[in-house]
$ cat entry-v6.cif   # mmCIF, C-alpha atoms
data_upload
loop_
_atom_site.label_atom_id
_atom_site.label_comp_id
_atom_site.auth_asym_id
_atom_site.auth_seq_id
_atom_site.Cartn_x
_atom_site.Cartn_y
_atom_site.Cartn_z
CA MET A 1 -40.78 244.47 63.57
CA ASP A 2 -37.61 244.13 61.54
CA TYR A 3 -35.66 245.60 64.42
CA TYR A 4 -35.39 242.17 65.99
CA SER A 5 -34.07 238.95 64.54
CA LYS A 6 -36.53 236.53 62.97
CA GLN A 7 -37.39 234.29 65.90
CA ILE A 8 -37.79 237.17 68.30
CA SER A 9 -40.09 238.97 65.83
CA GLN A 10 -42.08 235.79 65.43
CA MET A 11 -42.54 235.43 69.18
CA ILE A 12 -43.56 239.11 69.47
CA GLY A 13 -46.02 238.60 66.61
CA GLU A 14 -47.59 235.57 68.26
CA LEU A 15 -47.86 237.30 71.63
CA SER A 16 -49.35 240.48 70.20
CA SER A 17 -52.12 238.45 68.56
CA LEU A 18 -53.49 237.69 72.04
CA PRO A 19 -56.29 239.93 73.34
CA GLY A 20 -55.25 242.97 75.36
CA ILE A 21 -51.60 242.59 74.39
CA GLY A 22 -50.36 245.37 72.15
CA ASP A 23 -47.00 245.76 70.44
CA LYS A 24 -45.25 247.25 73.47
CA SER A 25 -46.54 244.64 75.91
CA ALA A 26 -45.66 241.86 73.48
CA GLN A 27 -42.09 243.18 73.31
CA ARG A 28 -41.87 243.40 77.07
CA LEU A 29 -43.23 239.87 77.47
CA ALA A 30 -40.92 238.53 74.77
CA PHE A 31 -37.80 239.91 76.41
CA HIS A 32 -38.97 238.68 79.77
CA ILE A 33 -39.38 235.21 78.30
CA LEU A 34 -35.96 235.39 76.62
CA HIS A 35 -34.44 236.04 80.04
CA MET A 36 -36.37 233.24 81.77
CA PRO A 37 -34.66 229.89 82.43
CA GLU A 38 -35.30 227.56 79.50
CA VAL A 39 -37.15 225.00 81.67
CA ASP A 40 -39.61 227.67 82.78
CA VAL A 41 -40.34 228.63 79.19
CA LYS A 42 -40.90 224.98 78.36
CA ARG A 43 -43.28 224.64 81.31
CA LEU A 44 -45.24 227.72 80.23
CA ALA A 45 -45.50 226.46 76.65
CA ASP A 46 -46.53 222.99 77.81
CA ALA A 47 -49.19 224.41 80.10
CA LEU A 48 -50.78 226.17 77.13
CA VAL A 49 -50.60 223.21 74.78
CA ASP A 50 -51.71 220.62 77.36
CA ALA A 51 -54.63 222.67 78.60
CA ARG A 52 -55.81 223.36 75.06
CA HIS A 53 -55.42 219.71 74.14
CA ASN A 54 -57.17 218.20 77.14
CA VAL A 55 -59.85 220.70 77.97
CA ARG A 56 -63.38 219.86 76.90
CA TYR A 57 -66.91 220.83 77.88
CA CYS A 58 -68.29 219.32 81.09
CA SER A 59 -70.99 216.93 79.90
CA CYS A 60 -73.31 218.29 82.57
CA CYS A 61 -72.87 222.07 82.96
CA GLN A 62 -70.83 222.73 79.78
CA THR A 63 -68.03 224.58 81.54
CA LEU A 64 -64.48 224.05 80.29
CA THR A 65 -62.75 221.31 82.27
CA ASP A 66 -60.13 218.61 81.83
CA GLN A 67 -62.42 215.92 83.22
CA ASP A 68 -65.59 214.46 81.79
CA ILE A 69 -67.65 215.97 84.61
CA CYS A 70 -66.35 219.15 86.25
CA PRO A 71 -65.51 219.25 90.00
CA ILE A 72 -68.66 221.25 90.80
CA CYS A 73 -71.08 218.96 88.95
CA SER A 74 -69.47 215.88 90.50
CA ASN A 75 -69.58 217.30 94.04
CA PRO A 76 -72.44 215.57 95.93
CA LYS A 77 -72.46 218.33 98.55
CA ARG A 78 -73.72 220.91 96.07
CA ASP A 79 -77.42 221.59 95.66
CA HIS A 80 -78.12 220.09 92.26
CA SER A 81 -81.69 221.39 92.22
CA THR A 82 -80.58 225.02 91.79
CA ILE A 83 -78.91 225.92 88.51
CA MET A 84 -77.27 229.28 87.87
CA VAL A 85 -77.09 230.11 84.16
CA VAL A 86 -73.99 232.15 83.22
CA GLU A 87 -72.48 233.33 79.96
CA ASP A 88 -69.04 231.84 80.42
CA SER A 89 -66.75 229.89 82.75
CA ARG A 90 -65.20 233.05 84.14
CA ASP A 91 -68.60 234.24 85.37
CA MET A 92 -68.96 230.91 87.11
CA ALA A 93 -65.56 231.42 88.76
CA ALA A 94 -66.64 234.92 89.83
CA TYR A 95 -69.63 233.48 91.73
CA GLU A 96 -67.53 230.63 93.12
CA LYS A 97 -65.19 233.20 94.62
CA THR A 98 -68.03 234.52 96.77
CA GLY A 99 -67.98 231.11 98.50
CA GLU A 100 -71.69 231.44 99.28
CA TYR A 101 -73.49 229.91 96.34
CA GLN A 102 -74.17 226.24 96.95
CA GLY A 103 -76.01 225.32 93.76
CA VAL A 104 -74.62 224.22 90.40
CA TYR A 105 -74.13 226.09 87.12
CA HIS A 106 -74.90 226.00 83.45
CA VAL A 107 -72.51 227.76 81.08
CA LEU A 108 -74.05 229.07 77.85
CA HIS A 109 -70.74 230.06 76.20
CA GLY A 110 -72.12 233.31 74.88
CA ALA A 111 -75.27 235.37 74.81
CA ILE A 112 -77.93 235.94 72.19
CA SER A 113 -76.82 238.85 70.01
CA PRO A 114 -78.72 239.48 66.76
CA MET A 115 -76.15 242.20 65.94
CA GLN A 116 -73.34 239.66 65.93
CA GLY A 117 -75.50 236.97 64.37
CA ILE A 118 -75.57 234.84 67.52
CA GLY A 119 -78.95 233.18 67.91
CA PRO A 120 -80.40 230.86 70.56
CA ASP A 121 -79.03 227.82 68.70
CA ASP A 122 -75.47 229.13 68.88
CA ILE A 123 -75.28 229.03 72.66
CA ARG A 124 -75.73 225.99 74.90
CA LEU A 125 -79.45 226.41 75.55
CA LYS A 126 -80.45 223.04 74.14
CA GLU A 127 -78.19 221.36 76.70
CA LEU A 128 -79.85 223.40 79.46
CA MET A 129 -83.34 222.31 78.42
CA GLU A 130 -82.25 218.67 78.17
CA ARG A 131 -80.77 218.94 81.64
CA LEU A 132 -83.98 220.43 83.03
CA SER A 133 -86.06 217.63 81.58
CA SER A 134 -83.81 214.85 82.87
CA THR A 135 -83.06 216.10 86.42
CA GLU A 136 -85.13 217.42 89.30
CA VAL A 137 -84.63 221.21 89.31
CA SER A 138 -86.46 223.64 91.57
CA GLU A 139 -84.95 226.96 90.48
CA VAL A 140 -83.00 228.42 87.59
CA ILE A 141 -81.15 231.66 88.44
CA VAL A 142 -80.29 233.62 85.32
CA ALA A 143 -76.95 235.37 85.92
CA THR A 144 -76.10 236.54 82.41
CA ASN A 145 -74.37 239.94 82.18
CA SER A 146 -76.35 243.11 82.66
CA SER A 147 -75.70 244.10 79.03
CA LEU A 148 -78.14 244.25 76.12
CA GLU A 149 -77.14 240.74 75.06
CA GLY A 150 -77.24 239.42 78.60
CA GLU A 151 -80.72 240.85 79.18
CA THR A 152 -82.01 239.51 75.87
CA THR A 153 -80.68 236.08 76.77
CA ALA A 154 -82.24 236.27 80.23
CA MET A 155 -85.66 237.10 78.73
CA TYR A 156 -85.33 234.27 76.23
CA VAL A 157 -84.28 231.74 78.87
CA SER A 158 -87.12 232.74 81.18
CA ARG A 159 -89.74 232.39 78.41
CA LEU A 160 -88.31 229.01 77.49
CA ILE A 161 -88.38 227.68 81.06
CA LYS A 162 -91.62 229.22 82.41
CA PRO A 163 -93.91 226.65 80.70
CA THR A 164 -92.11 223.83 82.52
CA GLY A 165 -93.24 225.27 85.87
CA ILE A 166 -89.69 225.61 87.21
CA ARG A 167 -89.04 228.86 89.10
CA VAL A 168 -86.87 231.26 87.08
CA SER A 169 -85.16 234.22 88.76
CA ARG A 170 -82.75 236.94 87.68
CA ILE A 171 -79.88 238.34 89.78
CA ALA A 172 -80.54 241.90 90.99
CA SER A 173 -79.38 244.91 89.05
CA GLY A 174 -78.53 248.09 90.98
CA VAL A 175 -75.85 250.24 92.54
CA PRO A 176 -72.67 248.20 93.14
CA VAL A 177 -71.46 248.03 96.75
CA GLY A 178 -69.18 251.01 97.41
CA GLY A 179 -70.63 252.76 94.35
CA ASP A 180 -71.06 256.51 94.37
CA LEU A 181 -74.56 257.51 93.16
CA GLU A 182 -73.15 260.62 91.50
CA TYR A 183 -71.14 258.56 89.03
CA ILE A 184 -73.70 255.90 88.26
CA ASP A 185 -75.63 255.91 84.99
CA GLU A 186 -79.35 256.67 84.87
CA VAL A 187 -80.42 253.20 83.78
CA THR A 188 -78.68 251.60 86.76
CA LEU A 189 -80.19 254.19 89.11
CA LEU A 190 -83.69 253.45 87.78
CA ARG A 191 -83.09 249.71 88.09
CA ALA A 192 -81.96 250.20 91.69
CA LEU A 193 -85.11 252.19 92.39
CA GLU A 194 -87.39 249.57 90.80
CA GLY A 195 -85.67 246.82 92.72
CA ARG A 196 -85.87 248.59 96.11
CA ARG A 197 -86.58 246.47 99.15
CA ASP A 198 -88.28 247.27 102.46
CA LEU A 199 -85.97 247.92 105.38
CA MET B 1 -57.77 229.37 91.62
CA ASP B 2 -59.71 226.25 92.59
CA TYR B 3 -62.63 227.48 90.57
CA TYR B 4 -61.14 225.98 87.44
CA SER B 5 -60.02 222.47 86.74
CA LYS B 6 -56.35 221.62 87.27
CA GLN B 7 -54.91 222.22 83.82
CA ILE B 8 -56.78 225.49 83.36
CA SER B 9 -55.55 226.69 86.78
CA GLN B 10 -52.04 225.68 85.84
CA MET B 11 -52.19 227.66 82.62
CA ILE B 12 -53.62 230.70 84.45
CA GLY B 13 -50.84 230.38 87.03
CA GLU B 14 -48.13 230.27 84.38
CA LEU B 15 -49.58 233.23 82.50
CA SER B 16 -50.02 235.37 85.61
CA SER B 17 -46.35 234.90 86.47
CA LEU B 18 -45.49 237.02 83.42
CA PRO B 19 -44.86 240.73 84.00
CA GLY B 20 -47.84 243.04 83.68
CA ILE B 21 -50.30 240.15 83.62
CA GLY B 22 -52.50 240.00 86.69
CA ASP B 23 -55.03 237.36 87.68
CA LYS B 24 -57.85 238.81 85.60
CA SER B 25 -55.76 239.21 82.45
CA ALA B 26 -54.35 235.71 82.89
CA GLN B 27 -57.89 234.32 83.04
CA ARG B 28 -58.91 236.27 79.97
CA LEU B 29 -55.84 235.08 78.06
CA ALA B 30 -56.34 231.49 79.23
CA PHE B 31 -59.92 231.35 77.99
CA HIS B 32 -58.92 233.01 74.75
CA ILE B 33 -56.26 230.33 74.28
CA LEU B 34 -58.73 227.56 75.14
CA HIS B 35 -60.95 228.81 72.33
CA MET B 36 -58.10 229.11 69.80
CA PRO B 37 -57.59 226.35 67.19
CA GLU B 38 -55.17 223.77 68.57
CA VAL B 39 -52.59 224.40 65.81
CA ASP B 40 -52.45 228.08 66.70
CA VAL B 41 -51.78 227.27 70.34
CA LYS B 42 -49.02 224.89 69.26
CA ARG B 43 -47.50 227.60 67.07
CA LEU B 44 -47.59 230.13 69.90
CA ALA B 45 -45.97 227.66 72.31
CA ASP B 46 -43.33 226.70 69.75
CA ALA B 47 -42.50 230.34 69.06
CA LEU B 48 -41.74 230.85 72.76
CA VAL B 49 -39.68 227.68 73.17
CA ASP B 50 -37.77 228.06 69.88
CA ALA B 51 -36.93 231.70 70.44
CA ARG B 52 -35.75 231.01 73.99
CA HIS B 53 -33.73 228.02 72.80
CA ASN B 54 -32.01 229.67 69.86
CA VAL B 55 -31.55 233.22 70.97
CA ARG B 56 -28.07 234.24 72.12
CA TYR B 57 -26.07 237.43 72.47
CA CYS B 58 -24.67 238.97 69.28
CA SER B 59 -20.93 238.45 69.58
CA CYS B 60 -20.40 242.05 68.48
CA CYS B 61 -23.07 244.33 70.02
CA GLN B 62 -24.46 241.89 72.62
CA THR B 63 -28.09 242.31 71.55
CA LEU B 64 -30.34 239.25 71.62
CA THR B 65 -30.43 237.55 68.24
CA ASP B 66 -30.79 234.09 66.71
CA GLN B 67 -27.65 234.49 64.61
CA ASP B 68 -24.03 234.71 65.68
CA ILE B 69 -23.83 238.32 64.51
CA CYS B 70 -27.05 240.36 64.50
CA PRO B 71 -28.45 241.87 61.27
CA ILE B 72 -27.31 245.38 62.23
CA CYS B 73 -23.72 244.43 63.05
CA SER B 74 -23.44 242.37 59.88
CA ASN B 75 -24.81 245.15 57.67
CA PRO B 76 -21.90 246.72 55.74
CA LYS B 77 -24.00 249.82 54.97
CA ARG B 78 -24.10 250.86 58.63
CA ASP B 79 -21.51 253.26 60.02
CA HIS B 80 -19.45 250.99 62.25
CA SER B 81 -17.41 253.87 63.64
CA THR B 82 -20.36 255.26 65.63
CA ILE B 83 -21.60 253.14 68.53
CA MET B 84 -24.75 253.94 70.47
CA VAL B 85 -24.72 252.44 73.96
CA VAL B 86 -28.19 251.39 75.19
CA GLU B 87 -29.49 249.54 78.22
CA ASP B 88 -31.41 246.83 76.39
CA SER B 89 -32.47 245.47 73.02
CA ARG B 90 -35.80 247.26 73.16
CA ASP B 91 -34.05 250.63 73.41
CA MET B 92 -32.11 249.67 70.31
CA ALA B 93 -35.38 248.85 68.53
CA ALA B 94 -36.80 252.21 69.65
CA TYR B 95 -33.96 254.05 67.90
CA GLU B 96 -34.16 251.77 64.87
CA LYS B 97 -37.80 252.78 64.46
CA THR B 98 -36.74 256.37 63.89
CA GLY B 99 -35.06 255.11 60.71
CA GLU B 100 -32.48 257.92 60.94
CA TYR B 101 -29.63 256.49 62.96
CA GLN B 102 -27.03 254.91 60.69
CA GLY B 103 -24.46 253.77 63.26
CA VAL B 104 -24.31 250.54 65.23
CA TYR B 105 -25.21 249.72 68.83
CA HIS B 106 -23.88 248.21 72.01
CA VAL B 107 -26.37 246.67 74.43
CA LEU B 108 -25.35 246.73 78.11
CA HIS B 109 -28.24 244.55 79.36
CA GLY B 110 -28.83 246.68 82.40
CA ALA B 111 -27.58 249.79 84.14
CA ILE B 112 -25.36 250.33 87.14
CA SER B 113 -27.54 250.36 90.24
CA PRO B 114 -25.84 250.20 93.65
CA MET B 115 -29.32 249.96 95.23
CA GLN B 116 -30.02 246.72 93.39
CA GLY B 117 -26.45 245.50 93.73
CA ILE B 118 -25.71 245.86 90.01
CA GLY B 119 -22.14 247.01 89.50
CA PRO B 120 -20.12 247.80 86.36
CA ASP B 121 -19.05 244.15 86.09
CA ASP B 122 -22.66 242.95 85.92
CA ILE B 123 -23.43 244.74 82.66
CA ARG B 124 -21.67 244.28 79.33
CA LEU B 125 -19.13 247.05 79.72
CA LYS B 126 -16.07 244.82 79.36
CA GLU B 127 -17.34 243.77 75.93
CA LEU B 128 -17.74 247.44 74.97
CA MET B 129 -14.16 248.28 75.97
CA GLU B 130 -12.82 245.24 74.08
CA ARG B 131 -14.78 246.34 71.05
CA LEU B 132 -13.41 249.88 71.26
CA SER B 133 -9.84 248.61 71.43
CA SER B 134 -10.20 246.22 68.50
CA THR B 135 -12.17 248.37 66.03
CA GLU B 136 -11.86 251.92 64.71
CA VAL B 137 -14.48 253.98 66.54
CA SER B 138 -14.89 257.73 66.25
CA GLU B 139 -17.84 258.35 68.57
CA VAL B 140 -19.71 256.62 71.35
CA ILE B 141 -23.24 257.98 71.95
CA VAL B 142 -24.51 257.08 75.40
CA ALA B 143 -28.27 256.52 75.16
CA THR B 144 -29.00 254.94 78.52
CA ASN B 145 -32.31 255.90 80.13
CA SER B 146 -32.73 259.28 81.73
CA SER B 147 -33.18 257.63 85.16
CA LEU B 148 -30.83 257.67 88.13
CA GLU B 149 -29.34 254.33 87.04
CA GLY B 150 -29.10 255.40 83.41
CA GLU B 151 -27.33 258.65 84.33
CA THR B 152 -24.93 256.86 86.67
CA THR B 153 -24.11 254.41 83.90
CA ALA B 154 -23.63 257.24 81.40
CA MET B 155 -21.17 258.98 83.75
CA TYR B 156 -19.28 255.74 84.31
CA VAL B 157 -19.09 254.92 80.59
CA SER B 158 -17.88 258.39 79.73
CA ARG B 159 -15.12 258.28 82.37
CA LEU B 160 -14.07 254.88 81.12
CA ILE B 161 -13.86 255.93 77.48
CA LYS B 162 -12.50 259.50 77.76
CA PRO B 163 -8.85 258.35 78.32
CA THR B 164 -8.94 256.47 74.98
CA GLY B 165 -9.49 259.77 73.14
CA ILE B 166 -12.73 258.60 71.53
CA ARG B 167 -15.50 261.23 71.49
CA VAL B 168 -18.26 260.39 73.99
CA SER B 169 -21.67 262.09 73.78
CA ARG B 170 -24.96 261.80 75.60
CA ILE B 171 -28.42 262.08 74.01
CA ALA B 172 -30.23 265.31 74.93
CA SER B 173 -32.56 265.50 77.88
CA GLY B 174 -35.44 268.00 77.76
CA VAL B 175 -39.08 268.59 77.01
CA PRO B 176 -40.51 265.77 74.85
CA VAL B 177 -42.00 266.81 71.51
CA GLY B 178 -45.67 267.68 72.07
CA GLY B 179 -45.00 268.05 75.80
CA ASP B 180 -46.87 270.68 77.75
CA LEU B 181 -44.48 272.73 79.96
CA GLU B 182 -47.13 272.99 82.66
CA TYR B 183 -47.07 269.26 83.28
CA ILE B 184 -43.35 268.67 83.07
CA ASP B 185 -41.27 268.10 86.20
CA GLU B 186 -38.75 270.68 87.40
CA VAL B 187 -35.67 268.56 86.73
CA THR B 188 -36.62 268.11 83.09
CA LEU B 189 -37.38 271.82 82.74
CA LEU B 190 -33.95 272.71 84.14
CA ARG B 191 -32.27 270.18 81.85
CA ALA B 192 -34.10 271.67 78.89
CA LEU B 193 -32.90 275.14 79.92
CA GLU B 194 -29.29 274.00 80.36
CA GLY B 195 -29.37 272.26 77.00
CA ARG B 196 -30.84 275.24 75.11
CA ARG B 197 -29.55 275.91 71.62
CA ASP B 198 -29.28 279.15 69.60
CA LEU B 199 -32.00 279.72 67.04
#
$ encode --input "entry-v6.cif" --output "structure tokens"
Amino acid sequence: MDYYSKQISQMIGELSSLPGIGDKSAQRLAFHILHMPEVDVKRLADALVDARHNVRYCSCCQTLTDQDICPICSNPKRDHSTIMVVEDSRDMAAYEKTGEYQGVYHVLHGAISPMQGIGPDDIRLKELMERLSSTEVSEVIVATNSSLEGETTAMYVSRLIKPTGIRVSRIASGVPVGGDLEYIDEVTLLRALEGRRDL
Amino acid sequence: MDYYSKQISQMIGELSSLPGIGDKSAQRLAFHILHMPEVDVKRLADALVDARHNVRYCSCCQTLTDQDICPICSNPKRDHSTIMVVEDSRDMAAYEKTGEYQGVYHVLHGAISPMQGIGPDDIRLKELMERLSSTEVSEVIVATNSSLEGETTAMYVSRLIKPTGIRVSRIASGVPVGGDLEYIDEVTLLRALEGRRDL
């Protein structure tokens, strides 16, 4: 990194510390930024700093937002009696993109992972239970990832909620739409078989 | 992008305007940044703004630097009579990484491309000719890319310099080290044949 002058190296260093950005991409980004109008660079930098400074957890669903209550939780048109539990805010955005889900969310900010030392107390489960005891909820849909950690978390959440009498469901696991059976792993194929529905 | 609150969307928008960063990567970066300590975000933002603010063209070789004369041009140990002409600062860094080249550079900041409306006056050729007339130069090595634009530029540079009597050379084109002949395009194979050397 001594091939560039100090400030350029510094910028490349900062950029390459971001996830998914290697040395080459950081260089490409850096030179792109050096050729951008100065006001645009300022706007980019401000967007990062402002968002980081103002963003907090929604006091209801725990997603990241710049308001006290996120737009979804404060929307009276949503069905507040159905809560979808997701691992992070991006998963919530993924379901929002479908445009079909009318309920609200709860963001755990992680999944239980004994391997990484993440236990039930390290994710926002307490907040979920408090929410369930203070509001009228008819169903909790567990939409954690279909990974080992996601499944563990789903099991844990369901055991925690079952005694309260609230319905707990899990999103289906199976062959993705457009998926080619030939290339799909055995576990997914078995899950798809188990979850078969009458036509 | 309405799935996130305003400031998060804004940050995602700014990030996805960078080259090679699509919507998904921008979201991943944004959430990574939201989870970074605030001082680190400030440092990242400052690095971008400071570099953009202070970086200028080296008055000698035209590379981007934060000094008036870049470290390579101001290094008395370099051979200032050999100038390697490259398209941009990253190409210069690529040759610097080899650790073998002892001469200096000249950065054109582009290549002649009639298709994109970039003519000889749009790249830093005038500065190169001024430099050649004011300093003692024994060889100019043209190391523009091996693309149509790079080759056009190389031809143009060589025609421009030849009348001055200075030696002009072009880096070799051929099979890359470790390259498998089977997978190499015909033009490269012919170039490699033309450029063959006695063993």
$ closest_atom_pairs --input "entry-v6.cif" --of "chain A" --to "chain B" --cutoff "7 Å" --atoms "only C-alpha atoms" --output "JSON lines"
{"residue": "A:Tyr3", "atom": "CA", "partner": "B:Ala93", "partner_atom": "CA", "distance": 5.2}
{"residue": "A:Ser5", "atom": "CA", "partner": "B:Thr65", "partner_atom": "CA", "distance": 5.4}
{"residue": "A:Gln7", "atom": "CA", "partner": "B:Ala51", "partner_atom": "CA", "distance": 5.2}
{"residue": "A:Ile8", "atom": "CA", "partner": "B:Ala51", "partner_atom": "CA", "distance": 5.9}
{"residue": "A:Gln10", "atom": "CA", "partner": "B:Ala47", "partner_atom": "CA", "distance": 6.6}
{"residue": "A:Met11", "atom": "CA", "partner": "B:Ala47", "partner_atom": "CA", "distance": 5.1}
{"residue": "A:Glu14", "atom": "CA", "partner": "B:Leu44", "partner_atom": "CA", "distance": 5.7}
{"residue": "A:Leu18", "atom": "CA", "partner": "B:Leu29", "partner_atom": "CA", "distance": 7.0}
{"residue": "A:Pro19", "atom": "CA", "partner": "B:Leu29", "partner_atom": "CA", "distance": 6.8}
{"residue": "A:Leu29", "atom": "CA", "partner": "B:Pro19", "partner_atom": "CA", "distance": 6.8}
{"residue": "A:Leu34", "atom": "CA", "partner": "B:Arg52", "partner_atom": "CA", "distance": 5.1}
{"residue": "A:Glu38", "atom": "CA", "partner": "B:Arg52", "partner_atom": "CA", "distance": 6.5}
{"residue": "A:Val41", "atom": "CA", "partner": "B:Val49", "partner_atom": "CA", "distance": 6.1}
{"residue": "A:Lys42", "atom": "CA", "partner": "B:Val49", "partner_atom": "CA", "distance": 6.0}
{"residue": "A:Leu44", "atom": "CA", "partner": "B:Glu14", "partner_atom": "CA", "distance": 5.7}
{"residue": "A:Ala45", "atom": "CA", "partner": "B:Ala45", "partner_atom": "CA", "distance": 4.5}
{"residue": "A:Ala47", "atom": "CA", "partner": "B:Met11", "partner_atom": "CA", "distance": 5.1}
{"residue": "A:Leu48", "atom": "CA", "partner": "B:Met11", "partner_atom": "CA", "distance": 5.9}
{"residue": "A:Val49", "atom": "CA", "partner": "B:Lys42", "partner_atom": "CA", "distance": 6.0}
{"residue": "A:Ala51", "atom": "CA", "partner": "B:Gln7", "partner_atom": "CA", "distance": 5.2}
{"residue": "A:Arg52", "atom": "CA", "partner": "B:Leu34", "partner_atom": "CA", "distance": 5.1}
{"residue": "A:His53", "atom": "CA", "partner": "B:Glu38", "partner_atom": "CA", "distance": 6.9}
{"residue": "A:Thr65", "atom": "CA", "partner": "B:Ser5", "partner_atom": "CA", "distance": 5.4}
{"residue": "A:Asp66", "atom": "CA", "partner": "B:Ser5", "partner_atom": "CA", "distance": 6.2}
{"residue": "A:Ala93", "atom": "CA", "partner": "B:Tyr3", "partner_atom": "CA", "distance": 5.2}
{"residue": "A:Glu96", "atom": "CA", "partner": "B:Tyr3", "partner_atom": "CA", "distance": 6.4}
$ atom_distance --input "entry-v6.cif" --atom1 "atom CA of B:Ser81" --atom2 "atom CA of B:Tyr57"
20.6 Å
$ atom_distance --input "entry-v6.cif" --atom1 "atom CA of A:Asn145" --atom2 "atom CA of A:His106"
14.0 Å
$ resolve_selection --input "entry-v6.cif" --expression "the PyMOL selection byres ((chain A and resi 151) around 12)" --output "MDAnalysis selection string"
chainID A and resid 86:87 111:113 142:150 152:158 170:173
$ atom_distance --input "entry-v6.cif" --atom1 "atom CA of B:Cys60" --atom2 "atom CA of B:Lys77"
16.0 Å
$ resolve_selection --input "entry-v6.cif" --expression "the PyMOL selection byres ((chain A and resi 122) around 10)" --output "MDAnalysis selection string"
chainID A and resid 108:113 117:121 123:126
$ residues_around --input "entry-v6.cif" --residues "B:Glu136" --least-positions-apart "4" --cutoff "10 Å" --atoms "all atoms listed in the file" --output "number ranges by chain"
B: 80-82, 131-132, 166
$ axis_aligned_box --input "entry-v6.cif" --around "stretch 34-38 of chain A" --padding-each-side "6 Å" --output "lines of an AutoDock Vina configuration file"
center_x = -35.4
center_y = 231.8
center_z = 79.5
size_x = 13.9
size_y = 20.5
size_z = 17.8
$ closest_residue --input "entry-v6.cif" --among "A:Gly103, A:Pro114, A:Gly165, A:Gly22" --to "A:Ser133" --atoms "only C-alpha atoms"
A:Gly165
$ resolve_selection --input "entry-v6.cif" --expression "the PyMOL selection byres ((chain B and resi 105) around 7)" --output "JSON, numbers by chain"
{"B": [61, 83, 84, 85, 103, 104, 106, 107]}
$ decode --input "entry-v6.cif" --residues "stretch 87-91 of chain A" --atoms "all heavy atoms" --output "PDB file, in the first residue's frame"
ATOM      1  N   GLU A  87     -34.264 -12.703  11.800  1.00  0.00           N
ATOM      2  CA  GLU A  87     -32.949 -12.542  12.414  1.00  0.00           C
ATOM      3  C   GLU A  87     -32.428 -11.119  12.323  1.00  0.00           C
ATOM      4  O   GLU A  87     -31.829 -10.620  13.255  1.00  0.00           O
ATOM      5  CB  GLU A  87     -31.933 -13.493  11.776  1.00  0.00           C
ATOM      6  CG  GLU A  87     -32.181 -14.938  12.166  1.00  0.00           C
ATOM      7  CD  GLU A  87     -31.116 -15.886  11.605  1.00  0.00           C
ATOM      8  OE1 GLU A  87     -29.973 -15.453  11.379  1.00  0.00           O
ATOM      9  OE2 GLU A  87     -31.461 -17.057  11.393  1.00  0.00           O
ATOM     10  N   ASP A  88     -32.619 -10.476  11.168  1.00  0.00           N
ATOM     11  CA  ASP A  88     -32.188  -9.079  11.112  1.00  0.00           C
ATOM     12  C   ASP A  88     -33.038  -8.216  10.184  1.00  0.00           C
ATOM     13  O   ASP A  88     -33.930  -8.724   9.503  1.00  0.00           O
ATOM     14  CB  ASP A  88     -30.680  -8.936  10.872  1.00  0.00           C
ATOM     15  CG  ASP A  88     -30.257  -9.229   9.457  1.00  0.00           C
ATOM     16  OD1 ASP A  88     -31.049  -9.051   8.540  1.00  0.00           O
ATOM     17  OD2 ASP A  88     -29.083  -9.615   9.296  1.00  0.00           O
ATOM     18  N   SER A  89     -32.770  -6.920  10.189  1.00  0.00           N
ATOM     19  CA  SER A  89     -33.611  -5.964   9.469  1.00  0.00           C
ATOM     20  C   SER A  89     -33.668  -6.236   7.973  1.00  0.00           C
ATOM     21  O   SER A  89     -34.650  -5.926   7.317  1.00  0.00           O
ATOM     22  CB  SER A  89     -33.084  -4.540   9.686  1.00  0.00           C
ATOM     23  OG  SER A  89     -33.032  -4.248  11.046  1.00  0.00           O
ATOM     24  N   ARG A  90     -32.597  -6.840   7.437  1.00  0.00           N
ATOM     25  CA  ARG A  90     -32.604  -7.123   6.006  1.00  0.00           C
ATOM     26  C   ARG A  90     -33.603  -8.224   5.659  1.00  0.00           C
ATOM     27  O   ARG A  90     -34.197  -8.230   4.583  1.00  0.00           O
ATOM     28  CB  ARG A  90     -31.212  -7.531   5.538  1.00  0.00           C
ATOM     29  CG  ARG A  90     -30.373  -6.322   5.208  1.00  0.00           C
ATOM     30  CD  ARG A  90     -28.944  -6.716   5.030  1.00  0.00           C
ATOM     31  NE  ARG A  90     -28.401  -7.198   6.298  1.00  0.00           N
ATOM     32  CZ  ARG A  90     -27.209  -7.765   6.424  1.00  0.00           C
ATOM     33  NH1 ARG A  90     -26.458  -7.964   5.361  1.00  0.00           N
ATOM     34  NH2 ARG A  90     -26.766  -8.129   7.597  1.00  0.00           N
ATOM     35  N   ASP A  91     -33.785  -9.176   6.598  1.00  0.00           N
ATOM     36  CA  ASP A  91     -34.759 -10.241   6.368  1.00  0.00           C
ATOM     37  C   ASP A  91     -36.165  -9.649   6.353  1.00  0.00           C
ATOM     38  O   ASP A  91     -37.034 -10.071   5.594  1.00  0.00           O
ATOM     39  CB  ASP A  91     -34.649 -11.307   7.468  1.00  0.00           C
ATOM     40  CG  ASP A  91     -33.268 -11.928   7.511  1.00  0.00           C
ATOM     41  OD1 ASP A  91     -32.580 -11.897   6.469  1.00  0.00           O
ATOM     42  OD2 ASP A  91     -32.864 -12.427   8.575  1.00  0.00           O
TER      43      ASP A  91
END
